[in-house]
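The data block below is input.pdb; it holds PDB, C-alpha atoms.
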```
ATOM      1  CA  MET Y1128       1.082 -17.560   3.181
ATOM      2  CA  ASN Y1129       4.814 -17.786   3.709
ATOM      3  CA  GLY Y1130       5.403 -14.387   5.251
ATOM      4  CA  SER Y1131       8.038 -13.258   7.682
ATOM      5  CA  ILE Y1132       8.050 -10.368  10.136
ATOM      6  CA  ASN Y1133      11.242  -8.956  11.565
ATOM      7  CA  SER Y1134      11.164  -7.310  14.995
ATOM      8  CA  THR Y1135       8.632  -7.778  17.753
ATOM      9  CA  ASP Y1136       7.929  -4.301  19.103
ATOM     10  CA  ILE Y1137       7.616  -2.057  16.030
ATOM     11  CA  ARG Y1138       4.074  -0.865  15.347
ATOM     12  CA  THR Y1139       4.329  -0.179  11.590
ATOM     13  CA  GLY Y1140       4.351  -2.925   8.979
ATOM     14  CA  LEU Y1141       5.296  -2.746   5.290
ATOM     15  CA  VAL Y1142       3.901  -5.569   3.165
ATOM     16  CA  ILE Y1143       5.945  -6.522   0.110
ATOM     17  CA  GLY Y1144       5.338  -9.279  -2.434
ATOM     18  CA  ILE Y1145       1.546  -9.670  -2.359
ATOM     19  CA  HIS Y1146       2.050 -10.096  -6.112
ATOM     20  CA  LYS Y1147       5.143 -12.110  -7.057
ATOM     21  CA  LYS Y1148       6.256  -9.645  -9.721
ATOM     22  CA  GLU Y1149       6.363  -6.817  -7.167
ATOM     23  CA  LEU Y1150       8.685  -8.504  -4.681
ATOM     24  CA  GLY Y1151      11.932  -7.306  -6.285
ATOM     25  CA  PHE Y1152      10.918  -3.652  -5.993
ATOM     26  CA  GLY Y1153       9.651  -4.179  -2.460
ATOM     27  CA  ARG Y1154      12.938  -5.698  -1.358
ATOM     28  CA  GLN Y1155      14.863  -2.726  -2.699
ATOM     29  CA  VAL Y1156      12.632  -0.250  -0.838
ATOM     30  CA  ALA Y1157      12.829  -2.346   2.328
ATOM     31  CA  ALA Y1158      16.638  -2.405   2.120
ATOM     32  CA  ILE Y1159      16.741   1.408   2.307
ATOM     33  CA  LEU Y1160      14.272   1.828   5.181
ATOM     34  CA  PRO Y1161      15.717   1.903   8.719
ATOM     35  CA  GLU Y1162      14.927  -1.321  10.550
ATOM     36  CA  THR Y1163      14.487   0.582  13.780
ATOM     37  CA  TYR Y1164      10.949   1.807  13.071
ATOM     38  CA  ILE Y1165       9.358  -0.494  10.490
ATOM     39  CA  ARG Y1166       8.864  -4.232  10.260
ATOM     40  CA  ILE Y1167       8.967  -5.844   6.834
ATOM     41  CA  ILE Y1168       6.258  -8.390   6.069
ATOM     42  CA  GLN Y1169       7.571 -10.279   3.064
ATOM     43  CA  ILE Y1170       5.205 -12.567   1.167
ATOM     44  CA  ASP Y1171       7.444 -15.251  -0.292
ATOM     45  CA  GLN Y1172       4.690 -17.022  -2.239
ATOM     46  CA  GLY Y1173       2.606 -14.136  -3.547
ATOM     47  CA  LEU Y1174      -0.009 -14.026  -6.266
ATOM     48  CA  PRO Y1175       1.141 -14.941  -9.774
ATOM     49  CA  GLN Y1176      -0.048 -12.815 -12.689
ATOM     50  CA  GLN Y1177      -3.808 -13.021 -13.138
ATOM     51  CA  LYS Y1178      -3.469 -14.291 -16.726
ATOM     52  CA  SER Y1179      -1.753 -17.429 -15.400
ATOM     53  CA  PHE Y1180      -5.130 -18.523 -14.003
ATOM     54  CA  ASN Y1181      -6.238 -19.011 -17.625
ATOM     55  CA  GLY Y1182      -9.702 -17.514 -17.325
ATOM     56  CA  ARG Y1183     -10.401 -19.057 -13.923
ATOM     57  CA  GLY Y1184     -11.044 -15.719 -12.260
ATOM     58  CA  TYR Y1185     -12.767 -17.312  -9.282
ATOM     59  CA  TYR Y1186      -9.532 -19.037  -8.210
ATOM     60  CA  TYR Y1187      -7.549 -15.822  -8.551
ATOM     61  CA  SER Y1188     -10.110 -13.941  -6.423
ATOM     62  CA  ALA Y1189     -10.124 -16.716  -3.808
ATOM     63  CA  PHE Y1190      -6.307 -16.745  -3.623
ATOM     64  CA  HIS Y1191      -6.256 -12.945  -3.387
ATOM     65  CA  ARG Y1192      -8.813 -12.897  -0.578
ATOM     66  CA  GLU Y1193      -7.094 -15.701   1.335
ATOM     67  CA  ILE Y1194      -3.669 -14.091   1.250
ATOM     68  CA  TYR Y1195      -5.068 -10.871   2.702
ATOM     69  CA  LEU Y1196      -7.102 -12.635   5.388
ATOM     70  CA  GLN Y1197      -4.015 -14.591   6.468
ATOM     71  CA  LEU Y1198      -2.042 -11.358   6.537
ATOM     72  CA  HIS Y1199      -4.730  -9.777   8.731
ATOM     73  CA  GLN Y1200      -4.601 -12.665  11.189
ATOM     74  CA  GLN Y1201      -0.825 -12.414  11.360
ATOM     75  CA  VAL Y1202      -0.595  -8.683  12.069
ATOM     76  CA  LYS Y1203      -3.857  -7.556  13.678
ATOM     77  CA  SER Y1204      -2.547  -7.459  17.254
ATOM     78  CA  LYS Y1205       0.995  -6.408  16.387
ATOM     79  CA  ILE Y1206       0.755  -3.159  14.405
ATOM     80  CA  ASP Y1207      -1.009   0.205  14.278
ATOM     81  CA  LEU Y1208      -0.247   0.941  10.610
ATOM     82  CA  LEU Y1209      -0.142  -1.448   7.652
ATOM     83  CA  ILE Y1210       1.362  -0.123   4.400
ATOM     84  CA  ASP Y1211       0.631  -2.388   1.436
ATOM     85  CA  LEU Y1212       3.237  -1.761  -1.300
ATOM     86  CA  HIS Y1213       2.471  -2.461  -4.970
ATOM     87  CA  THR Y1214       3.825  -1.454  -8.377
ATOM     88  CA  GLY Y1215       2.298  -0.504 -11.722
ATOM     89  CA  ILE Y1216       3.540   0.952 -15.012
ATOM     90  CA  ASN Y1217       3.533   4.600 -16.130
ATOM     91  CA  GLU Y1218       5.913   5.126 -19.042
ATOM     92  CA  PRO Y1219       6.030   8.980 -18.831
ATOM     93  CA  GLY Y1220       7.554   8.867 -15.357
ATOM     94  CA  CYS Y1221       7.407   7.609 -11.788
ATOM     95  CA  CYS Y1222       4.283   8.544  -9.818
ATOM     96  CA  ALA Y1223       2.115   7.019  -7.105
ATOM     97  CA  ASP Y1224      -1.389   6.402  -5.781
ATOM     98  CA  ILE Y1225      -2.241   6.204  -2.085
ATOM     99  CA  PHE Y1226      -5.440   4.491  -0.884
ATOM    100  CA  CYS Y1227      -6.999   4.609   2.590
ATOM    101  CA  SER Y1228     -10.491   4.533   4.107
ATOM    102  CA  ASP Y1229      -9.600   7.106   6.788
ATOM    103  CA  LYS Y1230     -10.117  10.574   5.295
ATOM    104  CA  HIS Y1231      -8.430  12.218   8.280
ATOM    105  CA  LEU Y1232      -5.280  10.144   7.804
ATOM    106  CA  LEU Y1233      -5.411  10.908   4.069
ATOM    107  CA  GLY Y1234      -5.552  14.592   4.944
ATOM    108  CA  ARG Y1235      -2.472  14.295   7.145
ATOM    109  CA  ILE Y1236      -0.654  12.362   4.425
ATOM    110  CA  LYS Y1237      -1.444  15.119   1.945
ATOM    111  CA  GLU Y1238      -0.146  17.771   4.341
ATOM    112  CA  THR Y1239       2.994  15.745   5.057
ATOM    113  CA  LEU Y1240       3.700  15.257   1.357
ATOM    114  CA  ASN Y1241       3.282  18.964   0.719
ATOM    115  CA  GLU Y1242       5.590  19.789   3.610
ATOM    116  CA  SER Y1243       8.269  17.397   2.348
ATOM    117  CA  ARG Y1244       7.705  18.471  -1.279
ATOM    118  CA  MET Y1245       7.264  14.820  -2.337
ATOM    119  CA  ASN Y1246       4.340  16.013  -4.450
ATOM    120  CA  PHE Y1247       6.522  18.223  -6.637
ATOM    121  CA  PHE Y1248       8.093  15.675  -8.950
ATOM    122  CA  ASP Y1249       7.531  15.894 -12.725
ATOM    123  CA  HIS Y1250       4.009  17.291 -12.427
ATOM    124  CA  SER Y1251       1.373  18.217  -9.837
ATOM    125  CA  GLN Y1252      -0.279  14.784 -10.001
ATOM    126  CA  ALA Y1253       2.863  12.865  -8.992
ATOM    127  CA  VAL Y1254       0.973  11.554  -5.941
ATOM    128  CA  ARG Y1255      -2.796  10.976  -6.014
ATOM    129  CA  LEU Y1256      -4.814  10.144  -2.916
ATOM    130  CA  TYR Y1257      -8.031   8.093  -2.880
ATOM    131  CA  LYS Y1258     -10.551   7.237  -0.164
ATOM    132  CA  ILE Y1259     -11.562   3.583  -0.143
ATOM    133  CA  THR Y1260     -15.309   3.049   0.252
ATOM    134  CA  THR Y1261     -17.734   0.184  -0.106
ATOM    135  CA  VAL Y1262     -19.568  -0.199  -3.400
ATOM    136  CA  SER Y1263     -22.844   0.490  -1.572
ATOM    137  CA  SER Y1264     -21.538   3.687   0.021
ATOM    138  CA  LYS Y1265     -23.542   6.830  -0.739
ATOM    139  CA  GLU Y1266     -20.397   8.921  -0.643
ATOM    140  CA  HIS Y1267     -19.436  10.169  -4.097
ATOM    141  CA  ALA Y1268     -16.358  11.906  -5.427
ATOM    142  CA  ALA Y1269     -18.263  15.171  -5.898
ATOM    143  CA  SER Y1270     -18.997  15.420  -2.174
ATOM    144  CA  SER Y1271     -15.697  14.048  -0.898
ATOM    145  CA  ARG Y1272     -12.393  15.788  -0.249
ATOM    146  CA  PHE Y1273     -10.711  12.905  -2.066
ATOM    147  CA  PRO Y1274     -11.811  10.840  -5.072
ATOM    148  CA  VAL Y1275     -13.362   7.567  -3.916
ATOM    149  CA  CYS Y1276     -12.463   4.067  -5.075
ATOM    150  CA  HIS Y1277     -13.410   0.458  -4.387
ATOM    151  CA  THR Y1278     -11.168  -2.550  -3.818
ATOM    152  CA  ILE Y1279     -11.403  -6.337  -3.858
ATOM    153  CA  ILE Y1280      -9.211  -6.438  -0.756
ATOM    154  CA  PRO Y1281     -11.366  -7.782   2.114
ATOM    155  CA  HIS Y1282     -13.194  -5.140   4.145
ATOM    156  CA  THR Y1283     -11.660  -6.703   7.280
ATOM    157  CA  VAL Y1284      -8.267  -5.464   6.100
ATOM    158  CA  TRP Y1285      -8.852  -2.038   4.559
ATOM    159  CA  GLU Y1286     -11.155  -0.918   7.376
ATOM    160  CA  SER Y1287      -9.615  -2.839  10.229
ATOM    161  CA  ALA Y1288     -10.478  -1.873  13.782
ATOM    162  CA  GLN Y1289      -6.983  -2.938  14.904
ATOM    163  CA  TYR Y1290      -4.789  -0.920  12.517
ATOM    164  CA  SER Y1291      -4.852   1.694   9.754
ATOM    165  CA  TYR Y1292      -4.511   0.270   6.229
ATOM    166  CA  VAL Y1293      -2.763   2.333   3.545
ATOM    167  CA  GLY Y1294      -2.325   0.983   0.031
ATOM    168  CA  LEU Y1295       0.656   2.440  -1.844
ATOM    169  CA  GLU Y1296       1.091   1.838  -5.575
ATOM    170  CA  ILE Y1297       4.310   3.095  -7.161
ATOM    171  CA  TYR Y1298       4.179   3.401 -10.954
ATOM    172  CA  LEU Y1299       7.479   2.586 -12.665
ATOM    173  CA  GLN Y1300       8.434   3.457 -16.223
ATOM    174  CA  GLU Y1301       8.923  -0.204 -17.092
ATOM    175  CA  ALA Y1302       8.266  -3.630 -15.614
ATOM    176  CA  GLY Y1303      10.768  -4.997 -13.133
ATOM    177  CA  LYS Y1304      12.263  -4.020  -9.810
ATOM    178  CA  GLY Y1305      12.829  -0.372 -10.788
ATOM    179  CA  LYS Y1306      15.905   1.816 -10.390
ATOM    180  CA  GLN Y1307      17.625   3.592  -7.533
ATOM    181  CA  ALA Y1308      15.548   6.757  -8.033
ATOM    182  CA  ASP Y1309      12.342   4.677  -7.872
ATOM    183  CA  TRP Y1310      13.412   3.037  -4.622
ATOM    184  CA  VAL Y1311      14.267   6.382  -3.055
ATOM    185  CA  TYR Y1312      10.908   7.767  -4.226
ATOM    186  CA  GLY Y1313       9.049   4.792  -2.718
ATOM    187  CA  THR Y1314      11.016   5.052   0.512
ATOM    188  CA  GLY Y1315      10.169   8.753   0.809
ATOM    189  CA  LEU Y1316       6.473   8.009   0.421
ATOM    190  CA  VAL Y1317       6.560   5.221   3.009
ATOM    191  CA  GLU Y1318       8.315   7.534   5.476
ATOM    192  CA  SER Y1319       5.781  10.311   4.799
ATOM    193  CA  ILE Y1320       2.880   7.925   5.489
ATOM    194  CA  ILE Y1321       4.491   6.833   8.757
ATOM    195  CA  LYS Y1322       5.064  10.454   9.786
ATOM    196  CA  ALA Y1323       1.451  11.335   8.991
ATOM    197  CA  LYS Y1324       0.181   8.443  11.100
ATOM    198  CA  GLN Y1325       2.420   9.356  14.044
ATOM    199  CA  GLU Y1326       1.213  12.955  13.949
ATOM    200  CA  ARG Y1327      -2.385  11.749  14.178
ATOM    201  CA  LEU Y1328      -1.743   9.765  17.371
TER     202      LEU Y1328
END
```
Whole structure, structure tokens version:
Amino acid sequence: MNGSINSTDIRTGLVIGIHKKELGFGRQVAAILPETYIRIIQIDQGLPQQKSFNGRGYYYSAFHREIYLQLHQQVKSKIDLLIDLHTGINEPGCCADIFCSDKHLLGRIKETLNESRMNFFDHSQAVRLYKITTVSSKEHAASSRFPVCHTIIPHTVWESAQYSYVGLEIYLQEAGKGKQADWVYGTGLVESIIKAKQERL
């Protein structure tokens, strides 16, 4: 993994470029964020599109797992919060999903978003929050405050004992690096996640 971390004493990390096609958007969000309280972890050689593996899903999964395990080794003693930024497509309008295994942190994020009115964009589902669980977990959406989901990201990362992992997926209206409004939206969400984490400490 060719990643780079700026700063040595900041305890929040923002990962950009896990997937190559997402790096342009990540750079734009990173350019807006103040360097004084977040370190940017840029993956220069991220995952290519899955279809480029030409049906060899095993190699894609192995590459995906390896990039996250290397990331974990690089940051585990340096940060308290790891925000993993991704992009998707939603033609009707920009929205986002937030993923975390810590239901208490998710609760604080929800409160912070409501306080900052980030949740009141085009519709009430502009930001959705999900609790990451293992496939074998007995916890179900019906009995959870948040809908549950599973991930192929290694358990070592999303339930790390050294830091809190928060996945953030911003849905753009079209493929690419997005527009100014998208970058501001993503920046606001990153800042809200950081605020929520700080208020839990």
So, counting all atoms listed in the file, which residue among Y:Ala1157, Y:Cys1227, Y:Leu1233, Y:Leu1198 is closest to Ile1259 of chain Y?
Y:Cys1227
Sphere at (-4.1, 11.7, 7.8), radius 12 Å, counting all atoms listed in the file: residues as a PyMOL selection string
chain Y and resi 1208+1225-1240+1256-1258+1273+1291-1293+1319-1328
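Across the structure, atom CA of Leu1150 of chain Y and atom CA of Ala1189 of chain Y are spaced 20.5 Å apart.
Here atom CA of Ser1243 of chain Y and atom CA of Ala1288 of chain Y stand 29.2 Å from one another.
With distances restricted to only C-alpha atoms, Y:His1213 is the closest residue to Lys1304 of chain Y from Y:His1213, Y:Arg1272, Y:Arg1255, Y:Arg1192.
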Near-segment 1305-1313 of chain Y list (10 Å; all atoms listed in the file; drop same-chain fewer than 4 positions) as a VMD selection string:
chain Y and resid 1149 1151 to 1160 1212 1214 1220 to 1223 1245 1248 1295 to 1301 1317 to 1319
Kindly resolve the PyMOL selection byres ((chain Y and resi 1205) around 10) on the present coordinates and return the residues as a PDB file with C-alpha atoms, in the coordinates of the input.
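Below you can see result-v4.pdb, which holds the result:
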```
ATOM      1  CA  THR Y1135       8.632  -7.778  17.753  1.00  0.00           C
ATOM      2  CA  ASP Y1136       7.929  -4.301  19.103  1.00  0.00           C
ATOM      3  CA  ILE Y1137       7.616  -2.057  16.030  1.00  0.00           C
ATOM      4  CA  ARG Y1138       4.074  -0.865  15.347  1.00  0.00           C
ATOM      5  CA  THR Y1139       4.329  -0.179  11.590  1.00  0.00           C
ATOM      6  CA  GLY Y1140       4.351  -2.925   8.979  1.00  0.00           C
ATOM      7  CA  GLN Y1200      -4.601 -12.665  11.189  1.00  0.00           C
ATOM      8  CA  GLN Y1201      -0.825 -12.414  11.360  1.00  0.00           C
ATOM      9  CA  VAL Y1202      -0.595  -8.683  12.069  1.00  0.00           C
ATOM     10  CA  LYS Y1203      -3.857  -7.556  13.678  1.00  0.00           C
ATOM     11  CA  SER Y1204      -2.547  -7.459  17.254  1.00  0.00           C
ATOM     12  CA  ILE Y1206       0.755  -3.159  14.405  1.00  0.00           C
ATOM     13  CA  ASP Y1207      -1.009   0.205  14.278  1.00  0.00           C
ATOM     14  CA  LEU Y1208      -0.247   0.941  10.610  1.00  0.00           C
ATOM     15  CA  GLN Y1289      -6.983  -2.938  14.904  1.00  0.00           C
ATOM     16  CA  TYR Y1290      -4.789  -0.920  12.517  1.00  0.00           C
TER      17      TYR Y1290
END
```
Between atom CA of Gly1215 of chain Y and atom CA of Thr1163 of chain Y, what is the distance, to one decimal in Å?
28.3 Å
Given all atoms listed in the file as the counted atoms, nearest of Y:Leu1209, Y:Val1262, Y:Ile1167, Y:Ile1279 to His1191 of chain Y
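Ranked by minimum distance to His1191 of chain Y, first place goes to Y:Ile1279.
The nearest approach to Trp1285 of chain Y among the residues Y:Leu1196, Y:Asn1241, Y:Leu1316, Y:Asp1224, with all atoms listed in the file taken into account, belongs to Y:Leu1196.
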Of the listed residues Y:Glu1242, Y:Glu1286, Y:Asp1211, Y:Glu1218, that which approaches His1146 of chain Y most closely, counting all atoms listed in the file
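Of Y:Glu1242, Y:Glu1286, Y:Asp1211, Y:Glu1218, the one nearest His1146 of chain Y, counting all atoms listed in the file, is Y:Asp1211.
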Of Y:Ile1143, Y:Val1254, Y:Val1275, Y:Val1284, the one sitting nearest Gly1315 of chain Y when using only C-alpha atoms is Y:Val1254
